[in-house]
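See below for the structure under consideration.
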Amino acid sequence: MKKILTLAITACLLSTTVQPIIAKTNTVLYSGSTISIKLKNDGDDEITVINAGSGGTYRLQKNIVTTIKMEEGDKLYIYEKGKKGALLLVASSEMDGKVQLLSKL
């Protein structure tokens with residue numbers, strides 16, 4: 001009887017003080033609209049462009065494909081003498097991963 005009472009008290013104490021450990025995992029899916037636009041300068045001269053969204057500038061060398069990460073709706077301009085020049089393109093999801101020729105923009 002003494003053993004049963006001791007076991008019952010021990011079981012009650014363990015069940016109230018020991019809580020099961022449950023691992024919680026928060027999963028966050030990034031649903032941003034980052035687009036990788038590949039630009040090929042098929043012209044005769046190097047040019048510099050500026051992403052009006054992020055403010056980043058990129059030098060596009062002749063016959064080289066340059067990848068620029070942009071958000072959907074960002075605008076890419078020619079950058080001349082420290083100022084924005086002509087608008088080249090507005091980033092859209094259809095451009096993601098595809099090569100854009102500067103002569104066609």
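By convention here, the chains of the structure tokens are called A, B, ... in the order presented, each chain's residues are numbered starting at 1, and ligands are numbered starting at 1 in the order presented.
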
Selection: 7 Å around Thr34 in chain A, only C-alpha atoms, excl. self and same-chain fewer than 5 positions, as JSON, numbers by chain: {"A": [69, 70, 71, 72]}

Those selected residues, please, written with C-alpha atoms and delivered as a short mmCIF file (atom, residue, chain, number, x, y, z; two decimals), in the first residue's frame.
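Output below, filename selection37.cif:
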data_model
loop_
_atom_site.label_atom_id
_atom_site.label_comp_id
_atom_site.auth_asym_id
_atom_site.auth_seq_id
_atom_site.Cartn_x
_atom_site.Cartn_y
_atom_site.Cartn_z
CA LYS A 69 17.65 42.10 -59.96
CA MET A 70 14.60 44.34 -59.95
CA GLU A 71 11.18 44.47 -58.35
CA GLU A 72 8.12 44.34 -60.56
#

Considering only C-alpha atoms, tabulate each residue of range 37-59 of chain A that lies at most 7 Å from range 75-86 of chain A along with its nearest interatomic pair and the corresponding distance in Å to one decimal; arrange the rows by chain and ascending residue number and present them as a Markdown table.
| residue | atom | partner | partner_atom | distance |
| --- | --- | --- | --- | --- |
| A:Thr48 | CA | A:Tyr79 | CA | 5.3 |
| A:Val49 | CA | A:Ile78 | CA | 4.4 |
| A:Ile50 | CA | A:Tyr77 | CA | 5.3 |
| A:Asn51 | CA | A:Leu76 | CA | 4.6 |
| A:Ala52 | CA | A:Lys75 | CA | 5.4 |
| A:Gly53 | CA | A:Lys75 | CA | 6.5 |

Residue nearest Ser92 in chain A - candidates A:Gly73, A:Leu39, A:Ile4, A:Gln61, atoms counted: only C-alpha atoms: A:Gly73

Which of A:Glu46, A:Ile37, A:Asn63, A:Leu102 sits closest to Leu87 in chain A [using only C-alpha atoms]: A:Leu102

Counting only C-alpha atoms, the residue of A:Gly43, A:Asp74, A:Leu60, A:Lys38 that sits nearest Val99 in chain A: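 Counting only C-alpha atoms, the residue closest to Val99 in chain A is A:Lys38.
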
Residue nearest Ala91 in chain A - candidates A:Leu105, A:Ile35, A:Met1, A:Val65, atoms counted: only C-alpha atoms: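 Comparing A:Leu105, A:Ile35, A:Met1, A:Val65 against Ala91 in chain A, the winner is A:Ile35.
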
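Our summary of the geometry notes that CA of Asp96 in chain A is positioned 10.1 Å from CA of Ile68 in chain A.
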
Nearest to Lys62 in chain A, chosen from A:Asn41, A:Gln100, A:Ser36, A:Thr6, with only C-alpha atoms counted in the distances: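 That would be A:Asn41, the residue with the smallest distance to Lys62 in chain A.
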
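Interatomic distance, CA of Gly97 in chain A against CA of Tyr58 in chain A: 17.3 Å.
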
Expected answer as an NGL selection string: strand (DSSP E) residues in range 27-101 of chain A: :A and (34-40 or 47-51 or 57-60 or 65-71 or 75-80 or 83-90 or 99-101)

Between CA of Lys104 in chain A and CA of Ile47 in chain A - distance in Å to one decimal: 15.1 Å
